[in-house]
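Chemist: What follows is start08.tsv, TSV, C-alpha atoms.
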```tsv
chain	number	residue	atom	x	y	z
A	1	MET	CA	15.51	2.21	-9.60
A	2	GLY	CA	15.18	4.84	-6.93
A	3	LEU	CA	12.11	6.99	-7.02
A	4	PRO	CA	12.63	10.77	-7.22
A	5	MET	CA	12.09	12.08	-3.71
A	6	ARG	CA	9.42	14.60	-4.65
A	7	LEU	CA	7.43	11.85	-6.36
A	8	LEU	CA	7.87	9.49	-3.47
A	9	LEU	CA	6.50	12.00	-0.99
A	10	ARG	CA	3.58	13.07	-3.13
A	11	ALA	CA	2.50	9.47	-3.56
A	12	GLY	CA	2.46	9.12	0.22
A	13	GLU	CA	-0.56	11.40	0.46
A	14	LEU	CA	-2.87	8.49	-0.36
A	15	THR	CA	-0.86	5.42	0.55
A	16	PRO	CA	-2.21	2.67	2.84
A	17	MET	CA	-0.50	0.07	5.00
A	18	LEU	CA	3.13	-0.62	4.09
A	19	LEU	CA	4.69	-4.07	3.88
A	20	LEU	CA	8.13	-5.23	4.99
A	21	LEU	CA	10.61	-6.88	2.67
A	22	ALA	CA	12.35	-10.11	3.51
A	23	ALA	CA	15.76	-9.76	5.10
A	24	THR	CA	18.55	-8.99	2.68
A	25	SER	CA	22.24	-9.81	2.69
A	26	TRP	CA	23.83	-7.95	-0.22
A	27	ALA	CA	26.71	-5.53	0.08
A	28	ASP	CA	26.08	-1.86	0.86
A	29	VAL	CA	25.88	0.37	-2.20
A	30	THR	CA	25.87	4.08	-2.98
A	31	TYR	CA	25.25	5.77	-6.33
A	32	THR	CA	24.06	8.97	-7.99
A	33	GLU	CA	20.67	9.05	-9.70
A	34	LYS	CA	19.59	11.58	-12.31
A	35	THR	CA	15.93	11.73	-13.25
A	36	THR	CA	13.59	13.64	-15.54
A	37	GLU	CA	9.92	13.45	-14.61
A	38	GLU	CA	6.88	14.32	-16.70
A	39	VAL	CA	3.45	14.22	-15.04
A	40	ILE	CA	-0.11	14.48	-16.30
A	41	HIS	CA	-3.22	14.16	-14.13
A	42	LEU	CA	-5.19	11.21	-15.43
A	43	LEU	CA	-8.60	12.60	-14.49
A	44	THR	CA	-8.23	16.21	-15.63
A	45	GLY	CA	-5.61	15.82	-18.36
A	46	ALA	CA	-3.68	18.73	-16.86
A	47	PRO	CA	0.13	18.45	-17.29
A	48	ARG	CA	2.64	19.52	-14.65
A	49	GLU	CA	5.93	21.23	-15.25
A	50	LYS	CA	8.72	18.83	-16.18
A	51	SER	CA	11.17	18.35	-13.31
A	52	VAL	CA	14.82	17.33	-13.32
A	53	SER	CA	16.61	16.14	-10.20
A	54	GLU	CA	19.87	14.61	-9.01
A	55	ASN	CA	20.22	12.63	-5.78
A	56	ARG	CA	22.94	10.71	-4.01
A	57	VAL	CA	21.55	7.40	-2.75
A	58	TRP	CA	22.71	5.06	0.01
A	59	ILE	CA	21.41	1.49	0.44
A	60	LYS	CA	22.15	-0.75	3.40
A	61	GLY	CA	19.99	-3.86	3.58
A	62	GLU	CA	16.38	-2.66	3.46
A	63	LYS	CA	17.29	0.92	4.40
A	64	VAL	CA	17.49	3.63	1.75
A	65	LYS	CA	18.59	7.25	1.93
A	66	PHE	CA	18.25	10.02	-0.67
A	67	VAL	CA	20.13	13.31	-0.40
A	68	THR	CA	19.57	16.44	-2.50
A	69	LYS	CA	20.81	19.98	-1.98
A	70	ASP	CA	18.03	20.91	0.47
A	71	ARG	CA	16.30	17.69	1.54
A	72	VAL	CA	17.10	14.25	2.93
A	73	PHE	CA	14.78	11.28	2.75
A	74	VAL	CA	15.39	8.18	4.91
A	75	PHE	CA	13.35	5.02	4.40
A	76	ARG	CA	13.36	2.78	7.50
A	77	PRO	CA	11.16	-0.31	7.02
A	78	ASP	CA	12.73	-1.83	10.13
A	79	LYS	CA	11.04	0.95	12.15
A	80	LYS	CA	7.92	0.96	9.97
A	81	LEU	CA	8.40	4.62	9.11
A	82	TRP	CA	10.31	7.14	7.00
A	83	TRP	CA	11.69	10.60	7.62
A	84	ASP	CA	11.63	13.68	5.41
A	85	ILE	CA	14.45	15.90	6.69
A	86	TYR	CA	15.14	19.59	5.98
A	87	PRO	CA	18.65	20.28	7.34
A	88	GLU	CA	18.59	24.07	6.79
A	89	GLN	CA	15.33	24.36	8.69
A	90	LYS	CA	16.55	21.99	11.43
A	91	ALA	CA	13.25	20.12	11.02
A	92	TYR	CA	11.89	16.74	9.97
A	93	TYR	CA	8.59	15.00	9.27
A	94	GLU	CA	7.92	11.43	10.34
A	95	THR	CA	5.47	9.16	8.52
A	96	THR	CA	4.55	5.83	10.09
A	97	TYR	CA	3.03	2.77	8.50
A	98	ALA	CA	-0.01	3.05	10.77
A	99	SER	CA	-0.82	6.54	9.52
A	100	PHE	CA	-1.10	5.21	5.97
A	101	GLU	CA	-3.76	2.70	6.94
A	102	ASN	CA	-6.09	5.62	7.68
A	103	LEU	CA	-5.12	7.48	4.50
A	104	GLY	CA	-5.86	4.43	2.39
A	105	ALA	CA	-9.31	4.08	3.95
A	106	GLN	CA	-9.96	7.77	3.31
A	107	ALA	CA	-9.04	7.38	-0.36
A	108	LEU	CA	-11.54	4.55	-0.83
A	109	ALA	CA	-14.23	6.48	1.03
A	110	LYS	CA	-13.93	9.35	-1.48
A	111	LEU	CA	-14.67	7.20	-4.52
A	112	PRO	CA	-18.50	7.50	-4.47
A	113	ALA	CA	-18.35	11.30	-4.23
A	114	LEU	CA	-15.80	11.45	-7.05
A	115	GLU	CA	-18.00	9.33	-9.26
A	116	GLN	CA	-20.82	11.84	-8.87
A	117	GLN	CA	-18.56	14.80	-9.55
A	118	LEU	CA	-17.14	13.20	-12.70
A	119	ALA	CA	-20.50	12.11	-14.13
A	120	THR	CA	-20.56	15.10	-16.48
A	121	LEU	CA	-17.05	14.59	-17.87
A	122	PRO	CA	-16.42	13.51	-21.49
A	123	GLU	CA	-16.38	9.78	-22.12
A	124	HIS	CA	-12.58	9.54	-22.38
A	125	ARG	CA	-12.28	11.15	-18.93
A	126	LYS	CA	-14.85	8.76	-17.50
A	127	LYS	CA	-12.82	5.88	-18.87
A	128	ALA	CA	-9.67	7.32	-17.30
A	129	PHE	CA	-11.47	7.53	-13.96
A	130	GLU	CA	-12.55	3.90	-14.19
A	131	ILE	CA	-8.93	2.87	-14.83
A	132	TRP	CA	-7.73	4.88	-11.85
A	133	LYS	CA	-10.53	3.52	-9.66
A	134	TYR	CA	-9.58	-0.06	-10.51
A	135	ARG	CA	-5.89	0.60	-9.98
A	136	LEU	CA	-6.60	2.28	-6.64
A	137	GLN	CA	-8.55	-0.73	-5.42
A	138	GLU	CA	-5.94	-3.13	-6.80
A	139	HIS	CA	-3.09	-1.26	-5.13
A	140	LEU	CA	-4.95	-1.34	-1.82
A	141	GLY	CA	-5.63	-5.06	-2.11
A	142	LYS	CA	-9.40	-4.62	-2.55
A	143	VAL	CA	-9.63	-6.31	-5.96
A	144	ALA	CA	-7.56	-8.88	-7.79
A	145	PRO	CA	-7.47	-9.48	-11.55
A	146	PRO	CA	-8.76	-12.89	-12.73
A	147	LYS	CA	-5.23	-13.68	-13.90
A	148	ASP	CA	-1.81	-12.09	-13.52
A	149	PRO	CA	-1.80	-9.16	-15.99
A	150	THR	CA	1.97	-8.69	-15.82
A	151	GLU	CA	4.77	-10.01	-17.99
A	152	VAL	CA	8.55	-9.74	-18.09
A	153	GLN	CA	10.11	-9.34	-21.51
A	154	GLU	CA	13.82	-10.02	-21.93
A	155	PRO	CA	15.00	-8.98	-25.40
A	156	ALA	CA	18.14	-10.83	-26.45
A	157	GLU	CA	20.29	-7.72	-26.48
A	158	GLU	CA	23.01	-6.13	-24.39
A	159	GLN	CA	24.21	-2.55	-24.06
A	160	GLU	CA	27.27	-1.10	-22.38
A	161	VAL	CA	26.40	1.55	-19.81
A	162	ASP	CA	29.27	3.30	-17.99
A	163	GLY	CA	31.53	0.39	-18.86
A	164	ALA	CA	29.14	-2.28	-17.61
A	165	LYS	CA	27.48	-4.85	-19.86
A	166	CYS	CA	23.75	-4.53	-19.16
A	167	LYS	CA	20.78	-6.70	-20.09
A	168	HIS	CA	17.43	-5.34	-21.20
A	169	LYS	CA	14.41	-6.09	-18.94
A	170	VAL	CA	10.85	-4.85	-19.56
A	171	VAL	CA	7.91	-5.26	-17.17
A	172	THR	CA	4.40	-4.78	-18.55
A	173	TRP	CA	0.95	-4.57	-16.93
A	174	SER	CA	-1.91	-5.53	-19.26
A	175	THR	CA	0.45	-4.86	-22.23
A	176	GLN	CA	1.35	-1.37	-20.89
A	177	VAL	CA	5.09	-0.90	-20.35
A	178	LEU	CA	5.62	0.18	-16.75
A	179	PHE	CA	9.34	-0.45	-16.31
A	180	ASP	CA	11.99	-0.57	-19.04
A	181	GLY	CA	15.55	-0.84	-17.77
A	182	TRP	CA	19.09	-1.91	-18.55
A	183	PHE	CA	20.30	-4.10	-15.69
A	184	ASP	CA	23.89	-4.59	-14.55
A	185	PRO	CA	24.06	-8.22	-13.31
A	186	THR	CA	27.11	-7.48	-11.14
A	187	LEU	CA	25.22	-5.09	-8.82
A	188	GLU	CA	22.77	-5.85	-6.00
A	189	GLY	CA	20.27	-3.95	-3.88
A	190	PHE	CA	17.42	-3.29	-6.30
A	191	ALA	CA	14.96	-5.10	-4.00
A	192	SER	CA	15.38	-2.28	-1.47
A	193	LEU	CA	14.09	0.20	-4.05
A	194	VAL	CA	11.23	-2.16	-4.82
A	195	GLY	CA	10.47	-1.99	-1.09
A	196	MET	CA	9.93	1.75	-1.48
A	197	TYR	CA	7.74	1.18	-4.52
A	198	GLU	CA	5.68	-1.15	-2.36
A	199	ALA	CA	5.57	1.35	0.49
A	200	THR	CA	4.19	4.11	-1.73
A	201	ARG	CA	1.95	1.80	-3.76
A	202	ALA	CA	3.72	2.97	-6.91
A	203	PHE	CA	2.84	-0.35	-8.56
A	204	ALA	CA	0.28	-3.09	-8.08
A	205	PRO	CA	1.33	-6.23	-6.13
A	206	SER	CA	1.74	-8.29	-9.31
A	207	VAL	CA	4.14	-5.71	-10.78
A	208	LEU	CA	6.10	-5.51	-7.54
A	209	ALA	CA	6.60	-9.27	-7.58
A	210	ARG	CA	7.99	-9.08	-11.12
A	211	LEU	CA	10.34	-6.22	-10.24
A	212	ARG	CA	11.61	-7.93	-7.12
A	213	ALA	CA	12.55	-11.03	-9.10
A	214	LEU	CA	14.72	-9.14	-11.61
A	215	PRO	CA	18.44	-9.92	-11.16
A	216	GLY	CA	21.00	-7.14	-10.95
A	217	PHE	CA	20.51	-3.36	-10.66
A	218	PRO	CA	19.31	-1.00	-13.41
A	219	ARG	CA	21.74	1.62	-14.67
A	220	LYS	CA	19.29	3.47	-16.89
A	221	GLY	CA	15.72	3.27	-18.15
A	222	THR	CA	12.19	4.60	-17.81
A	223	GLN	CA	9.23	3.83	-15.59
A	224	THR	CA	5.57	4.81	-15.75
A	225	VAL	CA	3.65	5.13	-12.50
A	226	LEU	CA	-0.07	5.76	-11.96
A	227	TRP	CA	-0.12	7.23	-8.47
A	228	LEU	CA	-3.10	6.78	-6.20
A	229	THR	CA	-3.57	10.55	-6.47
A	230	GLY	CA	-4.45	10.12	-10.16
A	231	ASP	CA	-1.12	11.48	-11.42
A	232	LEU	CA	0.42	9.56	-14.30
A	233	ALA	CA	4.20	10.04	-14.18
A	234	THR	CA	6.84	9.02	-16.70
A	235	VAL	CA	10.34	9.05	-15.22
A	236	THR	CA	13.57	8.69	-17.21
A	237	PHE	CA	16.50	7.73	-14.97
A	238	SER	CA	20.20	7.02	-15.05
A	239	TYR	CA	22.34	5.68	-12.20
A	240	GLY	CA	26.09	6.08	-12.01
A	241	ASP	CA	29.17	6.45	-9.80
A	242	PHE	CA	28.42	3.18	-7.97
A	243	LYS	CA	30.37	2.37	-4.80
A	244	THR	CA	30.13	-0.86	-2.82
A	245	ALA	CA	32.00	0.21	0.33
A	246	PRO	CA	30.33	-0.34	3.73
A	247	VAL	CA	27.83	2.37	4.70
A	248	PRO	CA	27.74	3.32	8.43
A	249	ASP	CA	24.46	2.72	10.26
A	250	GLU	CA	24.55	6.34	11.36
A	251	GLU	CA	23.73	7.45	7.81
A	252	PHE	CA	20.17	6.22	8.38
A	253	GLU	CA	19.61	7.87	11.76
A	254	LEU	CA	18.12	11.27	12.51
A	255	PRO	CA	20.79	13.97	12.96
A	256	PRO	CA	20.77	15.62	16.40
A	257	GLY	CA	19.12	18.96	16.99
A	258	LEU	CA	16.14	18.55	14.66
A	259	VAL	CA	12.58	19.56	15.52
A	260	LYS	CA	9.76	17.18	14.61
A	261	LYS	CA	6.97	18.84	12.62
```
Give the structure from this file in structure tokens form.
Modeler:
Amino acid sequence: MGLPMRLLLRAGELTPMLLLLAATSWADVTYTEKTTEEVIHLLTGAPREKSVSENRVWIKGEKVKFVTKDRVFVFRPDKKLWWDIYPEQKAYYETTYASFENLGAQALAKLPALEQQLATLPEHRKKAFEIWKYRLQEHLGKVAPPKDPTEVQEPAEEQEVDGAKCKHKVVTWSTQVLFDGWFDPTLEGFASLVGMYEATRAFAPSVLARLRALPGFPRKGTQTVLWLTGDLATVTFSYGDFKTAPVPDEEFELPPGLVKK
């Protein structure tokens, strides 16, 4: 599924080096995503206000574009960057892969200081910190579990979603459900969204591998993400109004007249 844009950008604050996907050959696709996001900070326990969003999404090969009423997000792994565009302000922000290498190093460097600051927290908060610390290091490729902690469950059940017969797929990490979706086997392009998950380190490498191998495209479901910032987000999503007509390359270029911030 496509990540809500606000979530995608927030995760970028602490993301390291991004990785390219293998070349793809599926047909172009566009659809509308509707999401509801609930977030709690793992270390403090503080909840954030629930957010609801609706985006129109374009996928062409590895490229992905999200459009809301006041923001456009363009993911360009071929250029090793992405753009966050504000049409009304005639401005855009550019984030390169290289810049995330430094941010990832900075995140790891902060761990010793955080450990000292959190020494006085209750035991359940200390445990939460240890989980986040491990996941941070795992996401950055600094540690690897002794065995693959992920699993794909495929309940023998089908459900019709918007007229399409969908199959149930569940991806777990150490028995925790991280992705629970109903997949339409007639649609393609999900690997491009997994490329964004990889770019933002939304999931550990083992989870990404499981997601990339899932056939079809999800039409609805939920996902749980532990961001490198320490935010634990649960996102309920639905995708509809799918179109498979060719998408012009120009959709993934910067509009003229913008100022880089």
Chemist: Work out how far CA of Asn55 (chain A) is from CA of Ala91 (chain A), in Å to one decimal.
Modeler: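 According to the coordinates, CA of Ala91 (chain A) and CA of Asn55 (chain A) are separated by 19.7 Å.
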Chemist: Figure out the distance between CA of Ala199 (chain A) and CA of Ser99 (chain A), please, to one decimal in Å.
Modeler: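 For CA of Ser99 (chain A) relative to CA of Ala199 (chain A), the distance reads 12.2 Å.
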Chemist: For Trp132 (chain A), which of A:Arg219, A:Arg71, A:His41, A:Arg56 is the closest residue, counting only C-alpha atoms?
Modeler: A:His41
Chemist: Could you check the closest approach to Thr222 (chain A) for each of A:Glu94, A:Glu253, A:Asp180, A:Glu130 and tell me which residue wins, using all atoms listed in the file?
Modeler: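 The shortest atom-to-atom distance to Thr222 (chain A) comes from A:Asp180.
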Chemist: Would you be able to write out as a PDB file with C-alpha atoms, keeping the file's coordinate frame which residues have an atom within 12 Å of (-9.4, 0.2, -9.4) in the file's coordinates, counting all atoms listed in the file?
Modeler:
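Generated file (out_4.pdb):
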```pdb
ATOM      1  CA  ALA A 107      -9.040   7.380  -0.360  1.00  0.00           C
ATOM      2  CA  LEU A 108     -11.540   4.550  -0.830  1.00  0.00           C
ATOM      3  CA  LEU A 111     -14.670   7.200  -4.520  1.00  0.00           C
ATOM      4  CA  LYS A 127     -12.820   5.880 -18.870  1.00  0.00           C
ATOM      5  CA  ALA A 128      -9.670   7.320 -17.300  1.00  0.00           C
ATOM      6  CA  PHE A 129     -11.470   7.530 -13.960  1.00  0.00           C
ATOM      7  CA  GLU A 130     -12.550   3.900 -14.190  1.00  0.00           C
ATOM      8  CA  ILE A 131      -8.930   2.870 -14.830  1.00  0.00           C
ATOM      9  CA  TRP A 132      -7.730   4.880 -11.850  1.00  0.00           C
ATOM     10  CA  LYS A 133     -10.530   3.520  -9.660  1.00  0.00           C
ATOM     11  CA  TYR A 134      -9.580  -0.060 -10.510  1.00  0.00           C
ATOM     12  CA  ARG A 135      -5.890   0.600  -9.980  1.00  0.00           C
ATOM     13  CA  LEU A 136      -6.600   2.280  -6.640  1.00  0.00           C
ATOM     14  CA  GLN A 137      -8.550  -0.730  -5.420  1.00  0.00           C
ATOM     15  CA  GLU A 138      -5.940  -3.130  -6.800  1.00  0.00           C
ATOM     16  CA  HIS A 139      -3.090  -1.260  -5.130  1.00  0.00           C
ATOM     17  CA  LEU A 140      -4.950  -1.340  -1.820  1.00  0.00           C
ATOM     18  CA  GLY A 141      -5.630  -5.060  -2.110  1.00  0.00           C
ATOM     19  CA  LYS A 142      -9.400  -4.620  -2.550  1.00  0.00           C
ATOM     20  CA  VAL A 143      -9.630  -6.310  -5.960  1.00  0.00           C
ATOM     21  CA  ALA A 144      -7.560  -8.880  -7.790  1.00  0.00           C
ATOM     22  CA  PRO A 145      -7.470  -9.480 -11.550  1.00  0.00           C
ATOM     23  CA  ALA A 204       0.280  -3.090  -8.080  1.00  0.00           C
ATOM     24  CA  LEU A 226      -0.070   5.760 -11.960  1.00  0.00           C
ATOM     25  CA  TRP A 227      -0.120   7.230  -8.470  1.00  0.00           C
ATOM     26  CA  LEU A 228      -3.100   6.780  -6.200  1.00  0.00           C
ATOM     27  CA  GLY A 230      -4.450  10.120 -10.160  1.00  0.00           C
TER      28      GLY A 230
END
```
Chemist: Go through A:Phe237, A:Trp182, A:Trp83, A:Phe73 and flag the residue nearest Lys169 (chain A), using all atoms listed in the file for the distances.
Modeler: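 Answer, going by the shortest atom-to-atom distance: A:Trp182.
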Chemist: So how far away is CA of Ala233 (chain A) from CA of Leu121 (chain A), in Å?
Modeler: 22.0 Å
Chemist: Taking into account all atoms listed in the file, which residue in the set A:Leu211, A:Leu118, A:Val39, A:Ala202 is nearest to Thr234 (chain A)?
Modeler: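 For Thr234 (chain A), the nearest of the given residues is A:Val39.
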Chemist: Considering only C-alpha atoms, state which residue in the set A:Gln153, A:Ser174, A:Pro218, A:Arg125 is at the smallest distance from Ala46 (chain A).
Modeler: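 Using only C-alpha atoms, the shortest distance to Ala46 (chain A) belongs to A:Arg125.
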Chemist: Rank nothing, just name the residue among A:Pro215, A:Gly221, A:Gly189, A:Pro122 nearest to Leu43 (chain A), using only C-alpha atoms.
Modeler: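 For Leu43 (chain A), the nearest of the candidates is A:Pro122.
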Chemist: Compile the contact shell of region 242-247 of chain A as a list in words: residues with an atom at most 9 Å away, counting only C-alpha atoms, same-chain residues fewer than 4 positions apart removed.
Modeler: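 The filter keeps Ala27, Asp28, Val29, Thr30, Tyr31, Thr32, Trp58, Ile59, Lys60, Leu187 and Glu251 of chain A.
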Chemist: Name the residues in contact with Asp84 (chain A) at a cut-off of 12 Å, using all atoms listed in the file, excluding same-chain residues fewer than 5 positions from it; report them as number ranges by chain.
Modeler: A: 5-6, 8-10, 12, 65-68, 70-76, 89-96, 252-255, 258-261
Chemist: Would you mind exporting the chosen residues as a JSON list (two decimals), keeping the file's coordinate frame, restricted to C-alpha atoms?
Modeler:
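Contents of the output file out.json:
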```json
[["chain", "number", "residue", "atom", "x", "y", "z"],
["A", 5, "MET", "CA", 12.09, 12.08, -3.71],
["A", 6, "ARG", "CA", 9.42, 14.60, -4.65],
["A", 8, "LEU", "CA", 7.87, 9.49, -3.47],
["A", 9, "LEU", "CA", 6.50, 12.00, -0.99],
["A", 10, "ARG", "CA", 3.58, 13.07, -3.13],
["A", 12, "GLY", "CA", 2.46, 9.12, 0.22],
["A", 65, "LYS", "CA", 18.59, 7.25, 1.93],
["A", 66, "PHE", "CA", 18.25, 10.02, -0.67],
["A", 67, "VAL", "CA", 20.13, 13.31, -0.40],
["A", 68, "THR", "CA", 19.57, 16.44, -2.50],
["A", 70, "ASP", "CA", 18.03, 20.91, 0.47],
["A", 71, "ARG", "CA", 16.30, 17.69, 1.54],
["A", 72, "VAL", "CA", 17.10, 14.25, 2.93],
["A", 73, "PHE", "CA", 14.78, 11.28, 2.75],
["A", 74, "VAL", "CA", 15.39, 8.18, 4.91],
["A", 75, "PHE", "CA", 13.35, 5.02, 4.40],
["A", 76, "ARG", "CA", 13.36, 2.78, 7.50],
["A", 89, "GLN", "CA", 15.33, 24.36, 8.69],
["A", 90, "LYS", "CA", 16.55, 21.99, 11.43],
["A", 91, "ALA", "CA", 13.25, 20.12, 11.02],
["A", 92, "TYR", "CA", 11.89, 16.74, 9.97],
["A", 93, "TYR", "CA", 8.59, 15.00, 9.27],
["A", 94, "GLU", "CA", 7.92, 11.43, 10.34],
["A", 95, "THR", "CA", 5.47, 9.16, 8.52],
["A", 96, "THR", "CA", 4.55, 5.83, 10.09],
["A", 252, "PHE", "CA", 20.17, 6.22, 8.38],
["A", 253, "GLU", "CA", 19.61, 7.87, 11.76],
["A", 254, "LEU", "CA", 18.12, 11.27, 12.51],
["A", 255, "PRO", "CA", 20.79, 13.97, 12.96],
["A", 258, "LEU", "CA", 16.14, 18.55, 14.66],
["A", 259, "VAL", "CA", 12.58, 19.56, 15.52],
["A", 260, "LYS", "CA", 9.76, 17.18, 14.61],
["A", 261, "LYS", "CA", 6.97, 18.84, 12.62]]
```
Chemist: Hey, can you pull every residue with an atom no more than 12 Å from (15.4, 1.4, -21.2), using all atoms listed in the file, and send it as number ranges by chain?
Modeler: A: 1, 153-155, 157-159, 161, 166-171, 177-183, 218-224, 235-238
Chemist: Please produce a file of those selected residues containing C-alpha atoms, as a JSON list (two decimals), in the coordinates of the input.
Modeler:
```
[["chain", "number", "residue", "atom", "x", "y", "z"],
["A", 1, "MET", "CA", 15.51, 2.21, -9.60],
["A", 153, "GLN", "CA", 10.11, -9.34, -21.51],
["A", 154, "GLU", "CA", 13.82, -10.02, -21.93],
["A", 155, "PRO", "CA", 15.00, -8.98, -25.40],
["A", 157, "GLU", "CA", 20.29, -7.72, -26.48],
["A", 158, "GLU", "CA", 23.01, -6.13, -24.39],
["A", 159, "GLN", "CA", 24.21, -2.55, -24.06],
["A", 161, "VAL", "CA", 26.40, 1.55, -19.81],
["A", 166, "CYS", "CA", 23.75, -4.53, -19.16],
["A", 167, "LYS", "CA", 20.78, -6.70, -20.09],
["A", 168, "HIS", "CA", 17.43, -5.34, -21.20],
["A", 169, "LYS", "CA", 14.41, -6.09, -18.94],
["A", 170, "VAL", "CA", 10.85, -4.85, -19.56],
["A", 171, "VAL", "CA", 7.91, -5.26, -17.17],
["A", 177, "VAL", "CA", 5.09, -0.90, -20.35],
["A", 178, "LEU", "CA", 5.62, 0.18, -16.75],
["A", 179, "PHE", "CA", 9.34, -0.45, -16.31],
["A", 180, "ASP", "CA", 11.99, -0.57, -19.04],
["A", 181, "GLY", "CA", 15.55, -0.84, -17.77],
["A", 182, "TRP", "CA", 19.09, -1.91, -18.55],
["A", 183, "PHE", "CA", 20.30, -4.10, -15.69],
["A", 218, "PRO", "CA", 19.31, -1.00, -13.41],
["A", 219, "ARG", "CA", 21.74, 1.62, -14.67],
["A", 220, "LYS", "CA", 19.29, 3.47, -16.89],
["A", 221, "GLY", "CA", 15.72, 3.27, -18.15],
["A", 222, "THR", "CA", 12.19, 4.60, -17.81],
["A", 223, "GLN", "CA", 9.23, 3.83, -15.59],
["A", 224, "THR", "CA", 5.57, 4.81, -15.75],
["A", 235, "VAL", "CA", 10.34, 9.05, -15.22],
["A", 236, "THR", "CA", 13.57, 8.69, -17.21],
["A", 237, "PHE", "CA", 16.50, 7.73, -14.97],
["A", 238, "SER", "CA", 20.20, 7.02, -15.05]]
```
Chemist: Can I get region 231-244 of chain A with N, CA, C and O atoms filled in, as a JSON list (two decimals), in the coordinates of the input?
Modeler:
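Contents of the output file part.json:
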```json
[["chain", "number", "residue", "atom", "x", "y", "z"],
["A", 231, "ASP", "N", -2.21, 10.98, -10.58],
["A", 231, "ASP", "CA", -1.12, 11.48, -11.42],
["A", 231, "ASP", "C", -0.46, 10.33, -12.17],
["A", 231, "ASP", "O", -0.11, 9.31, -11.58],
["A", 232, "LEU", "N", -0.29, 10.52, -13.47],
["A", 232, "LEU", "CA", 0.42, 9.56, -14.30],
["A", 232, "LEU", "C", 1.80, 10.14, -14.60],
["A", 232, "LEU", "O", 1.92, 11.16, -15.27],
["A", 233, "ALA", "N", 2.84, 9.51, -14.07],
["A", 233, "ALA", "CA", 4.20, 10.04, -14.18],
["A", 233, "ALA", "C", 5.08, 9.13, -15.02],
["A", 233, "ALA", "O", 5.07, 7.91, -14.86],
["A", 234, "THR", "N", 5.83, 9.74, -15.92],
["A", 234, "THR", "CA", 6.84, 9.02, -16.70],
["A", 234, "THR", "C", 8.20, 9.55, -16.27],
["A", 234, "THR", "O", 8.47, 10.75, -16.36],
["A", 235, "VAL", "N", 9.04, 8.67, -15.78],
["A", 235, "VAL", "CA", 10.34, 9.05, -15.22],
["A", 235, "VAL", "C", 11.46, 8.38, -16.03],
["A", 235, "VAL", "O", 11.48, 7.16, -16.17],
["A", 236, "THR", "N", 12.36, 9.20, -16.55],
["A", 236, "THR", "CA", 13.57, 8.69, -17.21],
["A", 236, "THR", "C", 14.70, 8.80, -16.21],
["A", 236, "THR", "O", 14.90, 9.85, -15.60],
["A", 237, "PHE", "N", 15.46, 7.73, -16.02],
["A", 237, "PHE", "CA", 16.50, 7.73, -14.97],
["A", 237, "PHE", "C", 17.82, 7.19, -15.49],
["A", 237, "PHE", "O", 17.86, 6.41, -16.44],
["A", 238, "SER", "N", 18.88, 7.61, -14.84],
["A", 238, "SER", "CA", 20.20, 7.02, -15.05],
["A", 238, "SER", "C", 20.91, 6.97, -13.71],
["A", 238, "SER", "O", 20.78, 7.90, -12.89],
["A", 239, "TYR", "N", 21.61, 5.88, -13.46],
["A", 239, "TYR", "CA", 22.34, 5.68, -12.20],
["A", 239, "TYR", "C", 23.82, 5.51, -12.52],
["A", 239, "TYR", "O", 24.18, 4.76, -13.44],
["A", 240, "GLY", "N", 24.66, 6.19, -11.77],
["A", 240, "GLY", "CA", 26.09, 6.08, -12.01],
["A", 240, "GLY", "C", 26.91, 6.29, -10.76],
["A", 240, "GLY", "O", 26.37, 6.50, -9.67],
["A", 241, "ASP", "N", 28.24, 6.26, -10.91],
["A", 241, "ASP", "CA", 29.17, 6.45, -9.80],
["A", 241, "ASP", "C", 28.87, 5.48, -8.66],
["A", 241, "ASP", "O", 28.75, 5.88, -7.51],
["A", 242, "PHE", "N", 28.73, 4.19, -8.99],
["A", 242, "PHE", "CA", 28.42, 3.18, -7.97],
["A", 242, "PHE", "C", 29.63, 2.91, -7.08],
["A", 242, "PHE", "O", 30.76, 2.80, -7.54],
["A", 243, "LYS", "N", 29.37, 2.77, -5.78],
["A", 243, "LYS", "CA", 30.37, 2.37, -4.80],
["A", 243, "LYS", "C", 29.79, 1.24, -3.96],
["A", 243, "LYS", "O", 28.61, 1.26, -3.62],
["A", 244, "THR", "N", 30.61, 0.26, -3.63],
["A", 244, "THR", "CA", 30.13, -0.86, -2.82],
["A", 244, "THR", "C", 30.82, -0.93, -1.46],
["A", 244, "THR", "O", 30.81, -1.97, -0.82]]
```
